[in-house]
>>> print(open('structure-v9.cif').read())   # mmCIF, C-alpha atoms
data_structure
loop_
_atom_site.label_atom_id
_atom_site.label_comp_id
_atom_site.auth_asym_id
_atom_site.auth_seq_id
_atom_site.Cartn_x
_atom_site.Cartn_y
_atom_site.Cartn_z
CA MET Y 2 38.37 217.96 -69.59
CA THR Y 3 37.71 216.94 -73.17
CA ASN Y 4 34.10 216.17 -73.94
CA ILE Y 5 33.86 212.82 -75.72
CA VAL Y 6 31.04 212.86 -78.23
CA PRO Y 7 29.43 209.42 -78.51
CA PRO Y 8 29.14 208.02 -82.02
CA PRO Y 9 25.75 208.34 -83.70
CA PRO Y 10 23.53 205.26 -83.67
CA LEU Y 11 24.06 202.89 -86.57
CA LEU Y 12 20.32 202.92 -87.31
CA LYS Y 13 17.80 205.58 -86.38
CA VAL Y 14 14.06 205.36 -87.00
CA GLU Y 15 12.08 208.57 -86.50
CA HIS Y 16 8.28 208.81 -86.49
CA LEU Y 17 7.92 205.92 -88.91
CA LYS Y 18 4.47 205.31 -90.31
CA VAL Y 19 3.44 202.55 -92.69
CA TYR Y 20 -0.22 202.60 -93.69
CA PHE Y 21 -1.88 200.17 -96.08
CA PRO Y 22 -5.09 201.08 -97.94
CA ILE Y 23 -8.31 199.14 -97.40
CA LEU Y 24 -9.98 198.68 -100.78
CA GLY Y 25 -13.73 198.30 -101.16
CA GLY Y 26 -16.58 198.56 -103.61
CA VAL Y 27 -16.87 197.35 -107.18
CA PHE Y 28 -13.92 199.45 -108.33
CA ARG Y 29 -11.68 198.49 -105.37
CA ARG Y 30 -11.11 202.06 -104.29
CA PRO Y 31 -9.56 203.04 -100.94
CA VAL Y 32 -12.20 203.18 -98.22
CA GLY Y 33 -9.85 203.29 -95.24
CA GLU Y 34 -6.38 202.35 -94.08
CA VAL Y 35 -4.59 199.93 -91.81
CA LYS Y 36 -2.01 201.66 -89.61
CA ALA Y 37 0.50 198.80 -89.55
CA VAL Y 38 3.20 201.06 -88.07
CA ASP Y 39 2.01 204.24 -86.41
CA ASP Y 40 4.60 206.84 -85.37
CA VAL Y 41 7.43 204.57 -84.20
CA SER Y 42 10.87 205.88 -83.19
CA PHE Y 43 13.95 204.03 -81.91
CA THR Y 44 17.72 203.70 -82.38
CA VAL Y 45 20.12 200.78 -82.68
CA ASN Y 46 23.77 201.27 -81.72
CA ARG Y 47 26.65 199.47 -83.42
CA GLY Y 48 27.23 195.98 -82.02
CA GLN Y 49 23.90 195.98 -80.21
CA THR Y 50 20.97 193.59 -80.51
CA VAL Y 51 17.61 195.32 -80.21
CA GLY Y 52 14.68 192.95 -79.81
CA LEU Y 53 11.35 193.89 -81.38
CA VAL Y 54 8.59 191.77 -79.91
CA GLY Y 55 4.83 191.56 -80.35
CA GLU Y 56 2.04 189.30 -81.50
CA SER Y 57 1.24 188.63 -85.15
CA GLY Y 58 -0.16 191.78 -86.74
CA SER Y 59 1.54 194.13 -84.28
CA GLY Y 60 3.62 195.75 -87.06
CA LYS Y 61 7.06 194.44 -86.14
CA THR Y 62 7.79 192.66 -89.44
CA THR Y 63 6.58 195.72 -91.37
CA ILE Y 64 9.26 197.78 -89.62
CA GLY Y 65 11.94 195.29 -90.66
CA ARG Y 66 10.72 195.31 -94.26
CA ALA Y 67 10.66 199.12 -94.29
CA ILE Y 68 14.28 199.27 -93.11
CA ILE Y 69 15.47 197.08 -95.99
CA ARG Y 70 13.13 198.81 -98.46
CA LEU Y 71 10.86 195.85 -99.18
CA THR Y 72 8.02 198.08 -97.93
CA GLN Y 73 7.78 201.80 -98.63
CA PRO Y 74 7.16 203.98 -95.55
CA THR Y 75 4.16 206.30 -95.57
CA ALA Y 76 5.97 208.89 -93.45
CA GLY Y 77 8.96 209.28 -91.16
CA VAL Y 78 12.71 208.94 -91.61
CA ILE Y 79 15.03 205.91 -91.45
CA SER Y 80 18.70 206.88 -91.16
CA TYR Y 81 21.79 204.70 -91.40
CA GLN Y 82 25.02 206.18 -90.04
CA ASP Y 83 23.30 209.59 -89.99
CA LYS Y 84 22.31 209.32 -93.67
CA ALA Y 85 18.57 209.33 -94.45
CA ILE Y 86 17.98 206.24 -96.58
CA SER Y 87 14.21 205.80 -96.57
CA LYS Y 88 13.62 208.00 -99.64
CA LEU Y 89 16.66 207.06 -101.73
CA ASP Y 90 15.96 205.70 -105.19
CA SER Y 91 17.04 202.15 -106.04
CA ALA Y 92 20.40 203.17 -107.47
CA ALA Y 93 21.30 205.38 -104.50
CA PHE Y 94 20.18 202.71 -102.03
CA ARG Y 95 22.17 199.91 -103.66
CA PRO Y 96 25.39 200.45 -101.61
CA TYR Y 97 23.29 200.06 -98.45
CA ARG Y 98 22.06 196.64 -99.58
CA LYS Y 99 25.55 195.35 -98.83
CA LYS Y 100 25.47 196.91 -95.37
CA ILE Y 101 21.91 195.94 -94.42
CA GLN Y 102 20.70 192.36 -94.88
CA ILE Y 103 17.77 190.25 -93.70
CA ILE Y 104 17.23 186.70 -92.45
CA PHE Y 105 13.68 185.70 -93.33
CA GLN Y 106 11.25 183.88 -91.06
CA ASP Y 107 10.39 180.84 -93.15
CA PRO Y 108 13.37 178.72 -94.23
CA TYR Y 109 11.06 176.63 -96.41
CA ASN Y 110 9.74 179.45 -98.61
CA SER Y 111 12.66 181.90 -98.56
CA LEU Y 112 15.01 179.61 -100.53
CA ASN Y 113 14.39 179.10 -104.26
CA PRO Y 114 13.87 175.32 -104.67
CA ARG Y 115 15.27 175.42 -108.22
CA PHE Y 116 18.61 176.88 -107.11
CA SER Y 117 21.49 174.97 -105.58
CA ILE Y 118 22.92 176.18 -102.27
CA PHE Y 119 25.86 177.67 -104.18
CA GLU Y 120 23.51 179.61 -106.45
CA ILE Y 121 21.32 180.81 -103.55
CA ILE Y 122 24.23 182.19 -101.52
CA GLY Y 123 26.38 183.20 -104.48
CA GLU Y 124 23.68 185.26 -106.20
CA ALA Y 125 24.37 188.31 -104.02
CA LEU Y 126 28.11 187.99 -104.68
CA GLU Y 127 27.46 187.99 -108.41
CA ILE Y 128 25.37 191.17 -108.10
CA HIS Y 129 27.54 193.15 -105.68
CA PHE Y 130 30.99 191.84 -106.65
CA PRO Y 131 30.76 191.36 -110.43
CA ALA Y 132 34.56 191.13 -110.79
CA MET Y 133 34.67 188.04 -108.56
CA THR Y 134 35.34 184.85 -110.53
CA ARG Y 135 33.10 181.80 -110.23
CA ALA Y 136 35.92 179.91 -108.52
CA ASP Y 137 36.32 182.71 -105.98
CA ARG Y 138 32.55 182.75 -105.41
CA ARG Y 139 32.55 179.01 -104.76
CA GLU Y 140 35.38 179.39 -102.26
CA ARG Y 141 33.59 182.27 -100.53
CA VAL Y 142 30.33 180.29 -100.31
CA ALA Y 143 32.16 177.20 -99.04
CA GLY Y 144 33.74 179.33 -96.31
CA LEU Y 145 30.32 180.71 -95.35
CA LEU Y 146 28.92 177.18 -95.06
CA ASP Y 147 31.77 176.35 -92.69
CA LYS Y 148 30.97 179.46 -90.66
CA VAL Y 149 27.29 178.54 -90.17
CA GLY Y 150 27.96 174.89 -89.33
CA LEU Y 151 27.28 173.24 -92.69
CA LYS Y 152 29.62 171.21 -94.88
CA ARG Y 153 31.42 172.27 -98.04
CA ASP Y 154 30.00 169.29 -99.92
CA HIS Y 155 26.54 170.84 -99.45
CA LEU Y 156 27.39 173.42 -102.13
CA ASP Y 157 25.66 171.64 -105.00
CA ARG Y 158 22.69 170.29 -103.09
CA TYR Y 159 19.17 171.77 -103.17
CA PRO Y 160 16.95 173.11 -100.37
CA HIS Y 161 14.65 170.07 -100.24
CA GLU Y 162 17.62 167.97 -99.13
CA PHE Y 163 17.95 169.90 -95.86
CA SER Y 164 16.07 170.13 -92.56
CA GLY Y 165 14.45 173.37 -91.42
CA GLY Y 166 17.37 174.24 -89.16
CA GLN Y 167 19.87 173.57 -91.94
CA ARG Y 168 17.86 175.72 -94.35
CA GLN Y 169 17.89 178.58 -91.88
CA ARG Y 170 21.67 178.22 -91.65
CA VAL Y 171 21.73 178.62 -95.44
CA GLY Y 172 19.61 181.77 -95.02
CA ILE Y 173 22.09 183.11 -92.47
CA ALA Y 174 25.01 182.35 -94.81
CA ARG Y 175 23.18 184.20 -97.60
CA ALA Y 176 22.76 187.25 -95.37
CA LEU Y 177 26.48 187.17 -94.48
CA ALA Y 178 27.70 186.78 -98.08
CA VAL Y 179 28.25 190.50 -98.77
CA ASN Y 180 29.83 191.32 -95.37
CA PRO Y 181 26.92 193.29 -93.87
CA GLU Y 182 27.08 195.42 -90.75
CA PHE Y 183 23.39 195.31 -89.81
CA ILE Y 184 21.01 192.34 -90.09
CA VAL Y 185 17.26 192.33 -89.66
CA CYS Y 186 16.45 188.94 -88.13
CA ASP Y 187 12.76 188.55 -88.98
CA GLU Y 188 11.52 185.82 -86.61
CA PRO Y 189 14.41 183.58 -87.66
CA VAL Y 190 13.54 180.74 -85.25
CA SER Y 191 9.73 180.83 -85.06
CA ALA Y 192 9.28 178.19 -87.80
CA LEU Y 193 11.80 175.80 -86.21
CA ASP Y 194 11.49 173.05 -83.61
CA VAL Y 195 12.24 174.19 -80.08
CA SER Y 196 15.30 171.92 -79.97
CA VAL Y 197 16.74 173.71 -83.02
CA GLN Y 198 15.83 177.26 -81.97
CA ALA Y 199 18.54 177.48 -79.32
CA GLN Y 200 21.17 176.28 -81.81
CA ILE Y 201 20.27 179.05 -84.27
CA VAL Y 202 20.14 181.74 -81.57
CA ASN Y 203 23.54 180.64 -80.27
CA LEU Y 204 24.92 180.68 -83.82
CA LEU Y 205 23.67 184.24 -84.32
CA GLN Y 206 25.30 185.32 -81.07
CA ASP Y 207 28.61 183.68 -82.01
CA LEU Y 208 28.55 185.36 -85.44
CA GLN Y 209 27.78 188.72 -83.87
CA GLU Y 210 30.78 188.43 -81.56
CA GLU Y 211 33.08 187.20 -84.33
CA LEU Y 212 32.02 189.64 -87.06
CA GLY Y 213 30.93 192.67 -85.04
CA LEU Y 214 27.36 192.50 -86.35
CA THR Y 215 24.38 194.58 -85.25
CA TYR Y 216 20.92 192.98 -85.09
CA LEU Y 217 17.30 194.01 -85.06
CA PHE Y 218 15.83 190.75 -83.75
CA ILE Y 219 12.10 190.42 -84.45
CA ALA Y 220 10.07 187.78 -82.59
CA HIS Y 221 6.78 187.07 -80.86
CA ASP Y 222 8.42 185.02 -78.08
CA LEU Y 223 9.71 187.19 -75.25
CA ALA Y 224 11.84 184.34 -73.89
CA VAL Y 225 13.89 184.17 -77.11
CA VAL Y 226 14.14 187.97 -77.31
CA GLU Y 227 15.25 188.26 -73.69
CA HIS Y 228 17.99 185.69 -74.28
CA ILE Y 229 19.62 187.43 -77.25
CA SER Y 230 18.76 191.13 -76.86
CA ASP Y 231 20.45 194.02 -75.09
CA TYR Y 232 17.39 196.24 -75.39
CA VAL Y 233 13.75 195.34 -76.09
CA LEU Y 234 10.93 197.21 -77.84
CA VAL Y 235 7.42 195.86 -77.24
CA MET Y 236 4.93 196.53 -80.05
CA ASN Y 237 1.15 196.40 -80.02
CA GLN Y 238 -1.21 197.60 -82.76
CA GLY Y 239 1.49 199.49 -84.65
CA LYS Y 240 2.95 201.34 -81.67
CA ILE Y 241 5.82 200.77 -79.24
CA VAL Y 242 4.16 200.41 -75.85
CA GLU Y 243 7.29 199.70 -73.79
CA ALA Y 244 11.06 200.02 -74.29
CA ALA Y 245 13.71 198.97 -71.78
CA SER Y 246 16.68 196.70 -71.25
CA ALA Y 247 15.98 193.01 -71.68
CA GLU Y 248 16.52 192.46 -67.96
CA ALA Y 249 14.10 195.21 -66.98
CA ILE Y 250 11.43 194.00 -69.40
CA TYR Y 251 11.65 190.46 -68.08
CA GLU Y 252 11.89 191.26 -64.37
CA ASN Y 253 9.71 194.35 -64.06
CA PRO Y 254 7.37 194.89 -67.06
CA GLN Y 255 5.50 198.17 -66.91
CA HIS Y 256 2.77 197.74 -69.55
CA ASP Y 257 -0.20 195.37 -69.36
CA TYR Y 258 0.53 194.10 -72.87
CA THR Y 259 4.12 193.23 -71.91
CA ARG Y 260 2.86 191.34 -68.88
CA LYS Y 261 0.45 189.48 -71.16
CA LEU Y 262 3.31 188.43 -73.44
CA LEU Y 263 5.35 187.30 -70.46
CA SER Y 264 2.46 185.25 -69.07
CA ALA Y 265 2.49 183.29 -72.35
CA VAL Y 266 6.15 182.27 -71.89
CA PRO Y 267 6.33 178.62 -70.75
CA LYS Y 268 7.67 178.24 -67.22
CA LEU Y 269 10.08 175.41 -66.40
#
>>> encode(input="structure-v9.cif", output="structure tokens")
Amino acid sequence: MTNIVPPPPLLKVEHLKVYFPILGGVFRRPVGEVKAVDDVSFTVNRGQTVGLVGESGSGKTTIGRAIIRLTQPTAGVISYQDKAISKLDSAAFRPYRKKIQIIFQDPYNSLNPRFSIFEIIGEALEIHFPAMTRADRRERVAGLLDKVGLKRDHLDRYPHEFSGGQRQRVGIARALAVNPEFIVCDEPVSALDVSVQAQIVNLLQDLQEELGLTYLFIAHDLAVVEHISDYVLVMNQGKIVEAASAEAIYENPQHDYTRKLLSAVPKL
């Protein structure tokens, strides 16, 4: 019988640490450190959604920012398709910026108010596909607006003309512009009305199925995470305290902190 070797995980995080210095005294010298992420390891397989859940300050957003190199890890290794990427310089990491994108939490502050929707979404195309003409960029952006449920005539409008849910759709279109494989969804619905949250989560699921995307879905609401995730990591004070399938986490939580998060979920 032939042994079938499973493919490596798309993303692998090994013993990740992110510490921030505490500065004190007249000269603002380091007097201690905050262990925002403290020895965290996990994997994400292609096509999977891994939920990362915890209260504010638990370290979950810091992990997302470390993956996309907005925050520099203190120690540990982040690998993408078996290639260590956490210590690459900017030039060497640039090809991975097309593969790994992020949807930010706040749709009000993550979009430049001085840029039109075309400029916001098309900026990445201009950087990563310099040979693309302006006309081709406009057509690409118009197609992305269609894909996220907005209209083509929104191209030349500005962020202040849109609702929060519409702005987050623009943020999703921006993340999709360069055909990524992996998207860090950093609390993408927490700033939205409850009535809009389900629409955005459903959109993300539809896009995942259509485009074969892989997600790290960061949130503080276990109900949202359970709905979208295949596997859930529960974080508290910089550490993963529980990891299991979404069903197992929701039906039979093992850690006191997980039970605390579940008790905060509104019951119908």
>>> closest_atom_pairs(input="structure-v9.cif", of="range 9-123 of chain Y", to="range 153-177 of chain Y", cutoff="12 Å", atoms="all atoms listed in the file", output="CSV")
residue,atom,partner,partner_atom,distance
Y:Arg98,CA,Y:Ala176,CA,10.3
Y:Lys99,CA,Y:Ala176,CA,9.2
Y:Lys100,CA,Y:Leu177,CA,9.8
Y:Ile101,CA,Y:Ala176,CA,8.8
Y:Gln102,CA,Y:Ala176,CA,5.5
Y:Ile103,CA,Y:Ala176,CA,6.1
Y:Ile104,CA,Y:Ile173,CA,6.0
Y:Phe105,CA,Y:Gly172,CA,7.3
Y:Gln106,CA,Y:Gln169,CA,8.5
Y:Asp107,CA,Y:Gln169,CA,7.9
Y:Pro108,CA,Y:Gln169,CA,5.1
Y:Tyr109,CA,Y:Gly165,CA,6.9
Y:Asn110,CA,Y:Pro160,CA,9.8
Y:Ser111,CA,Y:Gly172,CA,7.8
Y:Leu112,CA,Y:Pro160,CA,6.8
Y:Asn113,CA,Y:Pro160,CA,7.6
Y:Pro114,CA,Y:Pro160,CA,5.7
Y:Arg115,CA,Y:Tyr159,CA,7.4
Y:Phe116,CA,Y:Tyr159,CA,6.5
Y:Ser117,CA,Y:Tyr159,CA,4.6
Y:Ile118,CA,Y:Leu156,CA,5.3
Y:Phe119,CA,Y:Leu156,CA,5.0
Y:Glu120,CA,Y:Asp157,CA,8.4
Y:Ile121,CA,Y:Arg175,CA,7.1
Y:Ile122,CA,Y:Arg175,CA,4.5
Y:Gly123,CA,Y:Arg175,CA,7.7
>>> closest_residue(input="structure-v9.cif", among="Y:Ile79, Y:Ala178, Y:Leu71, Y:Leu53", to="Val233 in chain Y", atoms="only C-alpha atoms")
Y:Leu53
>>> closest_residue(input="structure-v9.cif", among="Y:Ser264, Y:Thr259, Y:Gln206, Y:Gln200", to="Gln49 in chain Y", atoms="only C-alpha atoms")
Y:Gln206
>>> residues_around(input="structure-v9.cif", residues="range 65-67 of chain Y", least_positions_apart="3", cutoff="12 Å", atoms="all atoms listed in the file", output="PyMOL selection string")
chain Y and resi 12+14+17-20+37-38+41+51-54+60-62+70-80+86-88+101-106+183-188+216-220
>>> residues_around(input="structure-v9.cif", residues="Ala247 in chain Y", least_positions_apart="2", cutoff="10 Å", atoms="only C-alpha atoms", output="number ranges by chain")
Y: 51-52, 223-224, 226-234, 244-245, 249-254
>>> residues_around(input="structure-v9.cif", residues="Leu262 in chain Y", least_positions_apart="4", cutoff="8 Å", atoms="only C-alpha atoms", output="list in words")
Gly55, Asp222, Leu223, Tyr258 and Val266 of chain Y
>>> atom_distance(input="structure-v9.cif", atom1="CA of Glu127 in chain Y", atom2="CA of Ala93 in chain Y")
18.9 Å
>>> decode(input="structure-v9.cif", residues="range 163-215 of chain Y", atoms="C-alpha atoms", output="compact mmCIF listing (two decimals), in the first residue's frame")
# COMPACT_ATOMS: atom_id res chain seq x y z
CA PHE Y 163 -20.73 54.58 2.86
CA SER Y 164 -22.14 52.80 5.91
CA GLY Y 165 -19.93 50.72 8.20
CA GLY Y 166 -20.96 47.48 6.54
CA GLN Y 167 -20.29 48.90 3.08
CA ARG Y 168 -16.88 50.16 4.19
CA GLN Y 169 -15.99 46.71 5.46
CA ARG Y 170 -16.98 45.31 2.07
CA VAL Y 171 -14.50 47.78 0.56
CA GLY Y 172 -11.87 46.46 3.00
CA ILE Y 173 -12.63 42.90 1.90
CA ALA Y 174 -12.34 43.90 -1.78
CA ARG Y 175 -8.98 45.54 -1.02
CA ALA Y 176 -7.73 42.32 0.60
CA LEU Y 177 -8.86 40.31 -2.45
CA ALA Y 178 -7.30 42.66 -5.03
CA VAL Y 179 -3.99 40.78 -5.40
CA ASN Y 180 -5.51 37.26 -5.40
CA PRO Y 181 -4.33 36.15 -1.94
CA GLU Y 182 -4.42 32.62 -0.60
CA PHE Y 183 -4.49 33.41 3.12
CA ILE Y 184 -6.37 36.25 4.84
CA VAL Y 185 -6.05 37.39 8.44
CA CYS Y 186 -9.54 38.56 9.41
CA ASP Y 187 -8.81 40.81 12.39
CA GLU Y 188 -12.18 41.17 14.16
CA PRO Y 189 -13.83 42.11 10.86
CA VAL Y 190 -17.36 42.36 12.30
CA SER Y 191 -16.82 43.64 15.85
CA ALA Y 192 -17.33 47.31 14.88
CA LEU Y 193 -20.54 46.58 12.95
CA ASP Y 194 -24.20 46.43 13.96
CA VAL Y 195 -25.41 42.94 14.81
CA SER Y 196 -27.76 43.01 11.81
CA VAL Y 197 -24.79 43.61 9.49
CA GLN Y 198 -22.39 41.14 11.14
CA ALA Y 199 -24.14 38.07 9.73
CA GLN Y 200 -24.08 39.55 6.23
CA ILE Y 201 -20.30 40.06 6.37
CA VAL Y 202 -19.65 36.61 7.86
CA ASN Y 203 -21.80 35.00 5.15
CA LEU Y 204 -19.94 37.00 2.49
CA LEU Y 205 -16.60 35.78 3.82
CA GLN Y 206 -17.83 32.19 3.75
CA ASP Y 207 -19.11 32.55 0.18
CA LEU Y 208 -15.79 34.06 -0.94
CA GLN Y 209 -13.86 31.28 0.76
CA GLU Y 210 -15.86 28.64 -1.10
CA GLU Y 211 -15.63 30.46 -4.43
CA LEU Y 212 -11.94 31.41 -4.28
CA GLY Y 213 -10.47 28.63 -2.14
CA LEU Y 214 -9.33 31.03 0.57
CA THR Y 215 -7.83 30.18 3.94
